[in-house]
file target_37.txt (compact mmCIF, C-alpha atoms and all ligand atoms)
# COMPACT_ATOMS: atom_id res chain seq x y z
CA MET A 23 0.00 0.00 0.00
CA VAL A 24 2.69 2.44 1.05
CA THR A 25 4.58 2.60 -2.24
CA MET A 26 1.51 2.08 -4.37
CA PHE A 27 -0.23 5.15 -2.96
CA PHE A 28 2.41 7.23 -1.16
CA GLY A 29 5.27 6.51 -3.58
CA PRO A 30 6.33 10.13 -4.19
CA LEU A 31 6.12 10.88 -0.43
CA LYS A 32 8.20 7.83 0.38
CA ALA A 33 10.74 8.69 -2.32
CA GLY A 34 10.97 12.23 -0.91
CA PHE A 35 11.66 10.77 2.55
CA GLU A 36 14.32 8.50 1.11
CA LEU A 37 15.96 11.42 -0.72
CA LEU A 38 15.95 13.47 2.49
CA CYS A 39 17.74 10.58 4.14
CA GLY A 40 20.21 10.47 1.27
CA ASP A 41 18.99 7.14 -0.15
CA GLU A 42 18.90 8.05 -3.86
CA GLU A 43 18.90 4.44 -4.97
CA GLY A 44 15.93 3.66 -2.70
CA ALA A 45 14.05 6.72 -3.97
CA SER A 46 14.55 5.72 -7.58
CA ARG A 47 13.41 2.15 -6.83
CA THR A 48 10.34 3.49 -5.01
CA MET A 49 9.32 5.76 -7.90
CA ASN A 50 9.84 2.90 -10.38
CA GLU A 51 7.56 0.69 -8.32
CA PHE A 52 5.04 3.50 -7.78
CA THR A 53 4.63 4.07 -11.53
CA GLN A 54 4.26 0.32 -12.08
CA THR A 55 1.66 -0.35 -9.38
CA ASN A 56 -0.41 2.81 -8.84
CA PRO A 57 -3.69 2.14 -10.69
CA ILE A 58 -3.89 5.75 -11.96
CA VAL A 59 -0.24 6.29 -12.88
CA MET A 60 0.43 2.81 -14.26
CA PRO A 61 -1.57 3.25 -17.52
CA CYS A 62 0.42 6.46 -18.27
CA ARG A 63 3.68 4.60 -17.86
CA LEU A 64 2.36 1.83 -20.09
CA LEU A 65 1.35 4.38 -22.72
CA GLY A 66 4.78 6.04 -22.48
CA ALA A 67 6.49 2.68 -22.98
CA ALA A 68 4.23 1.95 -25.96
CA ILE A 69 5.01 5.34 -27.58
CA CYS A 70 8.76 4.79 -27.06
CA ASN A 71 8.33 1.28 -28.49
CA ASP A 72 9.73 -0.39 -25.36
CA PRO A 73 8.08 -3.85 -25.11
CA ASP A 74 10.36 -4.91 -22.24
CA ASP A 75 9.18 -2.06 -20.04
CA CYS A 76 5.54 -2.76 -20.97
CA GLU A 77 5.94 -6.38 -19.94
CA GLU A 78 7.74 -5.54 -16.71
CA THR A 79 5.11 -2.93 -15.75
CA LEU A 80 2.24 -5.34 -16.43
CA LYS A 81 3.97 -8.05 -14.42
CA ALA A 82 4.53 -5.74 -11.43
CA PHE A 83 0.97 -4.47 -11.60
CA GLY A 84 -0.42 -8.03 -11.76
CA LYS A 85 1.70 -9.03 -8.79
CA SER A 86 0.48 -6.08 -6.74
CA MET A 87 -3.14 -6.91 -7.61
CA GLY A 88 -2.50 -10.51 -6.56
CA ASN A 89 -1.13 -9.22 -3.29
CA MET A 90 -4.25 -7.15 -2.79
CA ALA A 91 -6.39 -10.24 -3.25
CA CYS A 92 -4.29 -12.13 -0.68
CA SER A 93 -4.89 -9.34 1.85
CA THR A 94 -8.63 -9.33 1.28
CA PRO A 95 -10.74 -11.18 3.87
CA LEU A 96 -12.38 -14.34 2.48
CA VAL A 97 -10.65 -13.95 -0.92
CA GLY A 98 -7.24 -14.26 0.76
CA HIS A 99 -8.50 -17.13 2.91
CA ALA A 100 -9.71 -18.96 -0.20
CA ILE A 101 -6.34 -18.44 -1.93
CA SER A 102 -4.59 -19.70 1.20
CA ALA A 103 -6.76 -22.84 1.16
CA GLY A 104 -5.78 -23.33 -2.47
CA TYR A 105 -2.06 -23.21 -1.59
CA ALA A 106 -2.62 -25.59 1.34
CA ILE A 107 -4.35 -28.13 -0.91
CA ALA A 108 -1.47 -27.81 -3.39
CA GLY A 109 0.89 -28.68 -0.54
CA LYS A 110 2.50 -25.23 -0.34
CA GLU A 111 2.11 -24.93 3.43
CA GLU A 112 4.43 -21.97 3.97
CA GLN A 113 2.77 -19.82 1.30
CA ALA A 114 -0.67 -20.87 2.56
CA GLU A 115 0.15 -19.79 6.11
CA LYS A 116 1.61 -16.48 5.00
CA ILE A 117 -1.48 -15.58 2.97
CA PHE A 118 -3.78 -16.84 5.72
CA LEU A 119 -2.10 -14.50 8.21
CA GLN A 120 -2.26 -11.60 5.72
CA ALA A 121 -6.01 -12.05 5.14
CA SER A 122 -6.70 -12.68 8.84
CA ARG A 123 -4.86 -9.53 9.85
CA THR A 124 -7.07 -7.49 7.52
CA THR A 125 -10.16 -9.23 8.92
CA VAL A 126 -9.14 -8.41 12.50
CA VAL A 127 -8.20 -4.78 11.71
CA ALA A 128 -11.38 -4.23 9.67
CA GLY A 129 -13.51 -5.87 12.36
CA ALA A 130 -11.96 -3.63 15.01
CA GLY A 131 -12.73 -0.64 12.79
CA ILE A 132 -16.40 -1.65 12.59
CA VAL A 133 -16.65 -2.08 16.37
CA GLY A 134 -14.71 1.15 17.00
CA SER A 135 -16.96 3.09 14.63
CA ILE A 136 -19.54 3.26 17.44
CA ALA A 137 -17.37 6.22 18.49
CA GLY A 138 -17.32 7.67 14.94
CA PRO A 139 -14.56 7.59 12.29
CA ALA A 140 -11.90 8.54 14.87
CA GLY A 141 -12.98 5.57 16.98
CA ALA A 142 -12.84 3.29 13.94
CA ALA A 143 -9.29 4.49 13.15
CA ALA A 144 -8.08 4.19 16.76
CA ALA A 145 -9.53 0.70 17.23
CA ALA A 146 -8.08 -0.47 13.90
CA ILE A 147 -4.61 0.92 14.72
CA GLU A 148 -4.71 -0.79 18.11
CA ALA A 149 -5.82 -4.11 16.62
CA GLY A 150 -3.16 -3.91 13.87
CA THR A 151 -0.40 -3.07 16.36
CA ILE A 152 -1.40 -5.87 18.74
CA TRP A 153 -1.49 -8.26 15.78
CA ASP A 154 2.00 -7.21 14.64
CA MET A 155 3.40 -7.46 18.18
CA THR A 156 1.97 -10.96 18.54
CA GLU A 157 3.13 -12.07 15.11
CA SER A 158 6.59 -10.55 15.60
CA HIS A 159 6.88 -12.39 18.90
CA ALA A 160 5.65 -15.70 17.47
CA THR A 161 7.74 -15.67 14.29
CA GLY A 162 10.77 -13.83 15.66
CA LYS A 163 10.51 -11.52 12.63
CA ALA A 164 9.50 -7.89 13.21
CA LYS A 165 6.31 -6.72 11.48
CA GLY A 166 4.81 -3.27 10.94
CA ILE A 167 5.64 -0.68 13.57
CA MET A 168 7.59 -3.38 15.48
CA THR A 169 10.28 -3.15 12.77
CA VAL A 170 11.26 0.33 14.01
CA VAL A 171 10.81 -0.59 17.70
CA GLU A 172 13.08 -3.62 17.26
CA ALA A 173 15.64 -1.64 15.24
CA ILE A 174 15.87 0.99 18.00
CA ARG A 175 16.14 -1.70 20.69
CA ASP A 176 18.81 -3.67 18.83
CA ASP A 177 20.51 -0.58 17.41
CA LYS A 178 19.93 -2.06 13.97
CA GLU A 179 20.37 -0.08 10.77
CA LEU A 180 17.19 0.24 8.66
CA ARG A 181 16.95 1.61 5.13
CA PRO A 182 14.92 4.87 4.99
CA GLY A 183 12.26 3.08 2.90
CA GLU A 184 11.86 0.44 5.61
CA VAL A 185 11.46 3.13 8.30
CA PHE A 186 8.86 4.90 6.15
CA ASP A 187 6.89 1.67 5.53
CA SER A 188 6.98 0.76 9.20
CA LEU A 189 5.80 4.19 10.35
CA MET A 190 3.05 4.19 7.74
CA THR A 191 1.60 0.87 8.98
CA PRO A 192 -0.76 2.51 11.54
CA VAL A 193 -1.91 4.94 8.80
CA GLY A 194 -2.84 1.97 6.61
CA ASP A 195 -4.61 0.33 9.54
CA ALA A 196 -6.57 3.50 10.22
CA ILE A 197 -7.64 3.69 6.57
CA THR A 198 -8.65 0.02 6.69
CA GLY A 199 -10.65 0.51 9.88
CA VAL A 200 -12.50 3.56 8.61
CA ALA A 201 -13.12 1.97 5.20
CA ALA A 202 -14.40 -1.22 6.83
CA ALA A 203 -16.71 0.74 9.12
CA LYS A 204 -18.03 2.74 6.15
CA THR A 205 -18.51 -0.42 4.11
CA TYR A 206 -20.32 -2.03 7.02
CA ASP A 207 -22.63 0.99 7.35
CA LYS A 208 -23.32 0.99 3.62
CA ILE A 209 -24.08 -2.73 3.61
CA MET A 210 -26.39 -2.38 6.60
CA ASP A 211 -28.08 0.56 4.91
CA ALA A 212 -28.53 -1.46 1.70
CA ARG A 213 -29.89 -4.35 3.75
CA LYS A 214 -32.42 -2.08 5.43
CA LYS A 215 -33.49 -0.63 2.09
CA ASN A 216 -33.93 -4.09 0.59
CA GLN A 217 -35.96 -5.25 3.58
CA MET A 218 -38.21 -2.19 3.28
CA ARG A 219 -38.60 -2.85 -0.43
CA GLN A 220 -39.55 -6.47 0.18
CA GLN A 221 -42.08 -5.45 2.79
CA VAL A 222 -43.71 -2.86 0.52
CA GLN A 223 -43.69 -5.36 -2.34
CA SER A 224 -45.52 -8.01 -0.32
CA GLU A 225 -47.98 -5.42 1.01
CA ASN A 226 -48.65 -4.29 -2.55
CA ASN A 227 -49.21 -7.91 -3.62
CA VAL A 228 -51.92 -8.28 -0.97
CA LYS A 229 -53.49 -4.97 -2.03
CA THR A 230 -53.47 -5.95 -5.71
CA GLU A 231 -55.23 -9.19 -4.85
CA GLN A 232 -57.84 -7.29 -2.81
CA ILE A 233 -58.44 -4.79 -5.63
CA ASN A 234 -58.90 -7.63 -8.13
CA ASN A 235 -61.36 -9.31 -5.78
CA LEU A 236 -63.29 -6.07 -5.32
CA GLU A 237 -63.33 -5.45 -9.07
CA LYS A 238 -64.76 -8.92 -9.68
CA LYS A 239 -67.51 -8.41 -7.09
CA ILE A 240 -68.47 -5.08 -8.69
CA ALA A 241 -68.44 -6.59 -12.19
CA ASP A 242 -70.69 -9.43 -10.92
CA GLN A 243 -73.34 -6.79 -10.20
CA GLY A 244 -73.39 -5.88 -13.89
CA VAL A 245 -71.65 -2.53 -13.33
CA ASP A 246 -69.43 -1.08 -16.10
CA ASN A 247 -66.03 0.37 -15.28
CA SER A 248 -65.59 -2.07 -12.40
CA LYS A 249 -61.79 -1.62 -12.54
CA LYS A 250 -61.98 2.16 -12.30
CA LEU A 251 -64.54 1.92 -9.50
CA ALA A 252 -62.39 -0.50 -7.51
CA ASN A 253 -59.36 1.79 -7.86
CA ASP A 254 -61.42 4.86 -6.94
CA MET A 255 -62.67 3.06 -3.84
CA SER A 256 -59.10 2.39 -2.76
CA LYS A 257 -58.29 6.10 -3.16
CA LYS A 258 -61.34 6.95 -1.06
CA ALA A 259 -60.10 4.47 1.57
CA ASP A 260 -56.83 6.48 1.72
CA ILE A 261 -58.75 9.71 2.21
CA LEU A 262 -60.95 8.20 4.95
CA ARG A 263 -57.86 6.95 6.78
CA GLU A 264 -56.22 10.40 6.48
CA GLN A 265 -59.35 12.17 7.71
CA VAL A 266 -59.51 9.94 10.77
CA ALA A 267 -55.78 10.25 11.47
CA GLU A 268 -55.83 14.05 11.13
CA ASN A 269 -58.74 14.38 13.57
CA GLU A 270 -57.77 11.66 16.00
CA SER A 271 -57.20 13.89 19.03
CA LYS A 272 -60.43 15.80 18.39
CA LEU A 273 -62.37 12.53 18.04
CA LEU A 274 -61.00 11.35 21.38
CA GLU A 275 -61.92 14.63 23.00
CA ILE A 276 -65.50 14.42 21.68
CA GLN A 277 -65.82 10.85 22.93
CA ARG A 278 -64.61 11.82 26.40
CA ARG A 279 -66.93 14.79 26.52
CA GLN A 280 -69.89 12.57 25.71
CA ARG A 281 -68.75 10.31 28.58
CA CYS A 282 -69.59 7.23 26.59
CA ARG A 283 -68.60 3.92 28.07
CA ILE A 284 -65.36 3.13 26.26
CA ARG A 285 -65.42 -0.53 25.26
CA ASN A 286 -62.51 -0.45 22.86
CA PRO A 287 -59.47 1.83 23.08
CA ASN A 288 -59.80 2.43 19.33
CA GLU A 289 -63.45 3.34 19.56
CA HIS A 290 -62.90 6.99 18.67
CA VAL A 291 -61.17 6.08 15.39
CA ASN A 292 -63.54 3.23 14.50
CA GLY A 293 -66.84 3.13 12.65
CA HIS A 294 -66.42 6.29 10.56
CA VAL A 295 -67.99 6.07 7.14
CA SER A 296 -67.37 7.75 3.80
CA VAL A 297 -70.08 7.63 1.13
CA THR A 298 -69.50 8.46 -2.53
CA ILE A 299 -72.37 9.03 -4.95
CA ILE A 300 -71.91 9.29 -8.74
CA ASP A 301 -74.67 11.04 -10.67
CA GLU A 302 -76.00 10.85 -14.26
CA TYR A 303 -73.27 13.19 -15.55
CA GLU A 304 -70.59 11.13 -13.80
CA ASN A 305 -69.99 13.87 -11.25
CA GLU A 306 -69.17 12.44 -7.90
CA SER A 307 -69.60 13.71 -4.39
CA THR A 308 -68.28 12.28 -1.12
CA GLY A 309 -69.66 12.78 2.37
CA TYR A 310 -68.74 11.56 5.85
CA SER A 311 -70.66 10.44 8.92
CA LYS A 312 -71.41 13.10 11.54
CA ARG A 313 -68.85 12.13 14.22
CA LEU A 314 -66.02 12.73 11.76
CA THR A 315 -67.37 16.02 10.37
CA ASP A 316 -67.94 17.25 13.92
CA ALA A 317 -64.30 16.55 14.73
CA SER A 318 -63.05 18.25 11.54
CA GLU A 319 -65.59 21.05 12.02
CA THR A 320 -66.95 20.60 8.50
CA THR A 321 -70.36 22.01 7.59
CA ARG A 322 -72.58 19.12 6.52
CA PHE A 323 -75.43 21.00 4.87
CA ASP A 324 -75.07 24.50 3.51
CA ARG A 325 -78.69 25.52 4.20
CA GLY A 326 -79.91 24.77 7.68
CA PRO A 327 -80.04 21.56 9.66
CA THR A 328 -82.04 19.53 7.10
CA SER A 329 -80.29 17.76 4.27
CA ARG A 330 -81.23 18.09 0.60
CA LEU A 331 -81.78 14.32 0.54
CA GLU A 332 -84.38 14.63 3.30
CA GLN A 333 -86.07 17.41 1.36
CA ALA A 334 -85.94 15.60 -1.99
CA GLN A 335 -87.23 12.26 -0.65
CA SER A 336 -89.44 13.55 2.19
CA SER A 337 -91.51 10.39 2.44
CA VAL A 338 -88.60 8.69 4.21
CA THR A 339 -88.86 8.92 8.00
CA ARG A 340 -86.65 7.85 10.85
CA ILE A 341 -87.15 4.24 11.86
CA GLN A 342 -88.07 3.85 15.50
CA GLY A 343 -85.15 3.15 17.79
CA LYS A 344 -82.61 4.21 15.13
CA PRO A 345 -80.35 7.28 15.32
CA PRO A 346 -81.43 10.61 13.79
CA LEU A 347 -81.96 10.44 10.03
CA ASN A 348 -79.30 12.71 8.57
CA ILE A 349 -76.21 11.86 10.60
CA CYS A 350 -75.07 9.37 7.91
CA GLY A 351 -72.58 10.12 5.13
CA GLU A 352 -75.27 9.58 2.45
CA HIS A 353 -76.89 12.93 3.30
CA MET A 354 -73.66 14.88 3.04
CA ALA A 355 -72.67 13.15 -0.23
CA TYR A 356 -76.08 13.84 -1.79
CA GLN A 357 -75.67 17.52 -0.95
CA GLY A 358 -72.99 17.97 -3.64
CA LEU A 359 -74.90 16.35 -6.53
CA SER A 360 -76.42 18.21 -9.47
CA SER A 361 -78.50 15.33 -10.87
CA ASP A 362 -79.94 11.98 -9.78
CA PRO A 363 -77.69 9.36 -8.17
CA VAL A 364 -76.62 6.42 -10.34
CA ILE A 365 -73.97 4.58 -8.33
CA THR A 366 -73.29 4.78 -4.60
CA TYR A 367 -70.68 3.12 -2.41
CA ALA A 368 -69.98 3.32 1.32
CA LEU A 369 -66.74 2.50 3.15
CA GLN A 370 -66.17 2.07 6.86
CA ILE A 371 -62.93 2.14 8.85
CA LYS A 372 -62.28 -0.16 11.81
CA ASP A 373 -58.94 -0.73 13.54
CA GLY A 374 -57.13 0.90 10.63
CA VAL A 375 -58.78 -1.37 8.04
CA VAL A 376 -61.33 -0.17 5.49
CA GLN A 377 -64.22 -2.35 4.30
CA CYS A 378 -67.33 -2.03 2.18
CA VAL A 379 -70.36 -1.41 4.39
CA ASP A 380 -74.10 -1.75 3.73
CA ARG A 381 -76.55 1.03 4.50
CA CYS A 382 -78.27 1.43 7.82
CA ALA A 383 -82.02 0.79 8.01
CA ASN A 384 -82.76 4.53 7.78
CA CYS A 385 -80.65 5.12 4.65
CA ALA A 386 -81.79 1.89 2.99
CA GLN A 387 -85.13 3.61 2.41
CA TYR A 388 -83.60 6.18 0.03
CA ASP A 389 -83.24 5.76 -3.72
CA LEU A 390 -79.52 6.25 -4.30
CA GLY A 391 -79.19 4.39 -7.60
CA ASN A 392 -77.19 1.16 -7.58
CA VAL A 393 -75.66 0.96 -4.10
CA ILE A 394 -72.90 -1.50 -4.96
CA THR A 395 -71.60 -1.91 -1.40
CA ASP A 396 -74.96 -3.12 0.00
CA SER A 397 -74.41 -6.63 -1.33
CA ILE A 398 -70.67 -6.86 -0.60
CA ASN A 399 -70.67 -5.75 3.03
CA GLY A 400 -67.34 -6.60 4.71
CA THR A 401 -65.28 -6.87 1.51
CA PRO A 402 -61.84 -5.37 2.24
CA VAL A 403 -60.92 -2.19 0.38
CA PRO A 404 -57.13 -1.81 0.31
CA PHE A 405 -55.32 1.50 0.53
CA SER A 406 -53.65 2.60 -2.73
CA LEU A 407 -50.47 0.80 -3.75
CA SER A 408 -47.37 2.17 -2.00
CA GLU A 409 -44.44 3.46 -3.97
CA LEU A 410 -41.70 0.86 -4.17
CA PRO A 411 -38.46 2.14 -2.55
CA SER A 412 -35.35 1.86 -4.72
CA PRO A 413 -33.31 -1.29 -4.04
CA GLY A 414 -30.21 -1.00 -1.85
CA SER A 415 -27.01 -2.08 -3.59
CA TYR A 416 -24.74 -4.29 -1.50
CA ILE A 417 -22.40 -4.75 -4.42
CA GLY A 418 -21.27 -1.15 -4.82
CA ALA A 419 -20.53 -0.90 -1.10
CA VAL A 420 -18.71 -4.23 -0.98
CA VAL A 421 -16.56 -3.56 -4.06
CA THR A 422 -15.43 -0.04 -3.11
CA GLY A 423 -15.02 -0.95 0.56
CA THR A 424 -13.10 -4.15 -0.17
CA MET A 425 -10.82 -2.35 -2.63
CA THR A 426 -9.92 0.26 -0.01
CA VAL A 427 -9.46 -2.36 2.68
CA ALA A 428 -7.36 -4.54 0.39
CA VAL A 429 -5.04 -1.85 -0.93
CA SER A 430 -4.45 -0.32 2.46
CA GLN A 431 -3.46 -3.69 3.88
CA ARG A 432 -1.16 -4.93 1.14
CA ARG A 433 1.61 -5.98 3.49
CA ASN A 434 4.01 -8.29 1.71
CA GLY A 435 3.99 -6.57 -1.65
CA PRO A 436 6.89 -4.76 -3.27
CA GLY A 437 6.21 -1.92 -0.80
CA ARG A 438 7.95 -3.90 1.95
CA SER A 439 11.07 -4.49 -0.08
ZN ZN A 501 -77.43 5.58 7.28
call {"tool": "encode", "arguments": {"input": "target_37.txt", "output": "structure tokens"}}
result
Amino acid sequence: MVTMFFGPLKAGFELLCGDEEGASRTMNEFTQTNPIVMPCRLLGAAICNDPDDCEETLKAFGKSMGNMACSTPLVGHAISAGYAIAGKEEQAEKIFLQASRTTVVAGAGIVGSIAGPAGAAAAAIEAGTIWDMTESHATGKAKGIMTVVEAIRDDKELRPGEVFDSLMTPVGDAITGVAAAKTYDKIMDARKKNQMRQQVQSENNVKTEQINNLEKKIADQGVDNSKKLANDMSKKADILREQVAENESKLLEIQRRQRCRIRNPNEHVNGHVSVTIIDEYENESTGYSKRLTDASETTRFDRGPTSRLEQAQSSVTRIQGKPPLNICGEHMAYQGLSSDPVITYALQIKDGVVQCVDRCANCAQYDLGNVITDSINGTPVPFSLSELPSPGSYIGAVVTGTMTVAVSQRRNGPGRS
């Protein structure tokens, strides 16, 4: 990682320390392995007709990519298993340690990210340093920052490039930790998005089935435009739900004021009805039952306390023992019509679910055209289909995150030479 990404910086350090040979080697390697600079070098070699340099650059680049793979969790472990099966135990162990180190450092970064990016970096540096201390102790060969520590202890001479690589190890670990934490967040975010999408999709499937069922029941009554009617009913179900939700606190207040015996905690949001009437000119008008219009403070009839429906069909009288005549949604819906009713439907909400509902005994006396919901009482009316959230992409997060993790952890590549 060090030379691949910080080549010019490392070469500068080497020059400062008087290691011209090291600096030249570093820059050579940098131009062969840096993914952005390497194509320029290749192009230069092609223009100068230098096939040897082309071949050498490609070889170095391929080797550095191979090293990246070996440092990548899971990928590196799989490669290690391959070497083990082929009987190359030493190589297998080396790659296994490389990949495991990245896994540990990245994992620490994810855990540390609870305290933000700085936490991710600190935890990753700590994990990487502990790993290197342990490995240095076990193998007797200094790794990472331990190279400098050991050199100071043993008064050993290090090349400037080696010092630079060793000091840069915690930087690489920090980058790995932060990248891993970011990748983890992105993956979790994608997972959440996909779960939401699946949920909406299955809800929509249920709704579609309910709409089809409703459409069939309407068509069975010999009504044209059954599809449009079924879809309109589902839009009206949305509106009824919204009306109830918007006025919930007011509905509760009214219920308390009336000091009714509360049998069900949802009583104030249950039982509200919306009625839609379509007339000869296909104009439609929707009204609501009195409890809901009281809560929303909506005027039910523009002229006085009597509805136009009561006036138009005055032979209808209140049935004994039933509530007052014009508290139903039918009266309010009729108010907005300019010609005779042709089709009428009524919807009722209970525990957040909307169903078709038949007319009460009072309203059943009125001529309201074909009241399609009378014969399909209790048929569910779904809310409109929800918009499908865009899918979360795991792949983008995994690829970019893994690349960053892999390149920052490339330990045994040419950068360590
Ligand atoms: Zn009624």
call {"tool": "residues_around", "arguments": {"input": "target_37.txt", "residues": "A:Phe186", "least_positions_apart": "6", "cutoff": "12 Å", "atoms": "only C-alpha atoms", "output": "compact mmCIF listing (two decimals) with C-alpha atoms, in the coordinates of the input"}}
result
# COMPACT_ATOMS: atom_id res chain seq x y z
CA MET A 23 0.00 0.00 0.00
CA VAL A 24 2.69 2.44 1.05
CA THR A 25 4.58 2.60 -2.24
CA PHE A 28 2.41 7.23 -1.16
CA GLY A 29 5.27 6.51 -3.58
CA PRO A 30 6.33 10.13 -4.19
CA LEU A 31 6.12 10.88 -0.43
CA LYS A 32 8.20 7.83 0.38
CA ALA A 33 10.74 8.69 -2.32
CA GLY A 34 10.97 12.23 -0.91
CA PHE A 35 11.66 10.77 2.55
CA GLU A 36 14.32 8.50 1.11
CA LEU A 37 15.96 11.42 -0.72
CA LEU A 38 15.95 13.47 2.49
CA CYS A 39 17.74 10.58 4.14
CA GLY A 44 15.93 3.66 -2.70
CA ALA A 45 14.05 6.72 -3.97
CA THR A 48 10.34 3.49 -5.01
CA GLY A 166 4.81 -3.27 10.94
CA ILE A 167 5.64 -0.68 13.57
CA THR A 169 10.28 -3.15 12.77
CA VAL A 170 11.26 0.33 14.01
CA LEU A 180 17.19 0.24 8.66
CA PRO A 192 -0.76 2.51 11.54
CA VAL A 193 -1.91 4.94 8.80
CA GLY A 437 6.21 -1.92 -0.80
CA ARG A 438 7.95 -3.90 1.95
CA SER A 439 11.07 -4.49 -0.08
call {"tool": "residues_near_ligand", "arguments": {"input": "target_37.txt", "ligand": "ligand ZN 501 (chain A)", "cutoff": "9 Å", "atoms": "all atoms listed in the file", "output": "PyMOL selection string"}}
result
chain A and resi 311+345+347-353+380-386
call {"tool": "residues_around", "arguments": {"input": "target_37.txt", "residues": "A:Ile371", "least_positions_apart": "5", "cutoff": "7 Å", "atoms": "all atoms listed in the file", "output": "PDB file with C-alpha atoms, in the coordinates of the input"}}
result
ATOM      1  CA  ASN A 292     -63.540   3.230  14.500  1.00  0.00           C
ATOM      2  CA  GLY A 293     -66.840   3.130  12.650  1.00  0.00           C
ATOM      3  CA  HIS A 294     -66.420   6.290  10.560  1.00  0.00           C
ATOM      4  CA  VAL A 295     -67.990   6.070   7.140  1.00  0.00           C
ATOM      5  CA  VAL A 376     -61.330  -0.170   5.490  1.00  0.00           C
ATOM      6  CA  GLN A 377     -64.220  -2.350   4.300  1.00  0.00           C
TER       7      GLN A 377
END
call {"tool": "atom_distance", "arguments": {"input": "target_37.txt", "atom1": "atom CA of A:Ser46", "atom2": "atom CA of A:Pro182"}}
result
12.6 Å
call {"tool": "residues_around", "arguments": {"input": "target_37.txt", "residues": "stretch 414-422 of chain A", "least_positions_apart": "6", "cutoff": "12 Å", "atoms": "only C-alpha atoms", "output": "PDB file with C-alpha atoms, in the coordinates of the input"}}
result
ATOM      1  CA  THR A  94      -8.630  -9.330   1.280  1.00  0.00           C
ATOM      2  CA  PRO A  95     -10.740 -11.180   3.870  1.00  0.00           C
ATOM      3  CA  THR A 198      -8.650   0.020   6.690  1.00  0.00           C
ATOM      4  CA  ALA A 201     -13.120   1.970   5.200  1.00  0.00           C
ATOM      5  CA  ALA A 202     -14.400  -1.220   6.830  1.00  0.00           C
ATOM      6  CA  ALA A 203     -16.710   0.740   9.120  1.00  0.00           C
ATOM      7  CA  LYS A 204     -18.030   2.740   6.150  1.00  0.00           C
ATOM      8  CA  THR A 205     -18.510  -0.420   4.110  1.00  0.00           C
ATOM      9  CA  TYR A 206     -20.320  -2.030   7.020  1.00  0.00           C
ATOM     10  CA  ASP A 207     -22.630   0.990   7.350  1.00  0.00           C
ATOM     11  CA  LYS A 208     -23.320   0.990   3.620  1.00  0.00           C
ATOM     12  CA  ILE A 209     -24.080  -2.730   3.610  1.00  0.00           C
ATOM     13  CA  MET A 210     -26.390  -2.380   6.600  1.00  0.00           C
ATOM     14  CA  ASP A 211     -28.080   0.560   4.910  1.00  0.00           C
ATOM     15  CA  ALA A 212     -28.530  -1.460   1.700  1.00  0.00           C
ATOM     16  CA  ARG A 213     -29.890  -4.350   3.750  1.00  0.00           C
ATOM     17  CA  LYS A 214     -32.420  -2.080   5.430  1.00  0.00           C
ATOM     18  CA  LYS A 215     -33.490  -0.630   2.090  1.00  0.00           C
ATOM     19  CA  ASN A 216     -33.930  -4.090   0.590  1.00  0.00           C
ATOM     20  CA  GLN A 217     -35.960  -5.250   3.580  1.00  0.00           C
ATOM     21  CA  MET A 218     -38.210  -2.190   3.280  1.00  0.00           C
ATOM     22  CA  ARG A 219     -38.600  -2.850  -0.430  1.00  0.00           C
ATOM     23  CA  GLN A 220     -39.550  -6.470   0.180  1.00  0.00           C
ATOM     24  CA  ALA A 428      -7.360  -4.540   0.390  1.00  0.00           C
ATOM     25  CA  VAL A 429      -5.040  -1.850  -0.930  1.00  0.00           C
TER      26      VAL A 429
END
call {"tool": "closest_residue", "arguments": {"input": "target_37.txt", "among": "A:Arg330, A:Lys116, A:Lys258, A:Lys372", "to": "A:His99", "atoms": "all atoms listed in the file"}}
result
A:Lys116
call {"tool": "closest_atom_pairs", "arguments": {"input": "target_37.txt", "of": "stretch 247-288 of chain A", "to": "stretch 389-404 of chain A", "cutoff": "10 Å", "atoms": "only C-alpha atoms", "output": "tab-separated table"}}
result
residue	atom	partner	partner_atom	distance
A:Ala252	CA	A:Val403	CA	8.2
A:Asn253	CA	A:Pro404	CA	9.2
A:Met255	CA	A:Val403	CA	7.0
A:Ser256	CA	A:Pro404	CA	5.6
A:Lys257	CA	A:Pro404	CA	8.7
A:Lys258	CA	A:Val403	CA	9.3
A:Ala259	CA	A:Val403	CA	6.8
A:Asp260	CA	A:Pro404	CA	8.4
call {"tool": "build_atoms", "arguments": {"input": "target_37.txt", "residues": "stretch 129-134 of chain A", "atoms": "N, CA and C atoms", "output": "PDB file, keeping the file's coordinate frame"}}
result
ATOM      1  N   GLY A 129     -12.497  -5.583  11.333  1.00  0.00           N
ATOM      2  CA  GLY A 129     -13.510  -5.870  12.360  1.00  0.00           C
ATOM      3  C   GLY A 129     -13.406  -4.884  13.509  1.00  0.00           C
ATOM      4  N   ALA A 130     -12.166  -4.598  13.929  1.00  0.00           N
ATOM      5  CA  ALA A 130     -11.960  -3.630  15.010  1.00  0.00           C
ATOM      6  C   ALA A 130     -12.472  -2.262  14.593  1.00  0.00           C
ATOM      7  N   GLY A 131     -12.241  -1.926  13.312  1.00  0.00           N
ATOM      8  CA  GLY A 131     -12.730  -0.640  12.790  1.00  0.00           C
ATOM      9  C   GLY A 131     -14.241  -0.545  12.887  1.00  0.00           C
ATOM     10  N   ILE A 132     -14.924  -1.647  12.544  1.00  0.00           N
ATOM     11  CA  ILE A 132     -16.400  -1.650  12.590  1.00  0.00           C
ATOM     12  C   ILE A 132     -16.879  -1.460  14.033  1.00  0.00           C
ATOM     13  N   VAL A 133     -16.249  -2.203  14.952  1.00  0.00           N
ATOM     14  CA  VAL A 133     -16.650  -2.080  16.370  1.00  0.00           C
ATOM     15  C   VAL A 133     -16.336  -0.672  16.874  1.00  0.00           C
ATOM     16  N   GLY A 134     -15.129  -0.175  16.527  1.00  0.00           N
ATOM     17  CA  GLY A 134     -14.710   1.150  17.000  1.00  0.00           C
ATOM     18  C   GLY A 134     -15.548   2.269  16.439  1.00  0.00           C
TER      19      GLY A 134
END
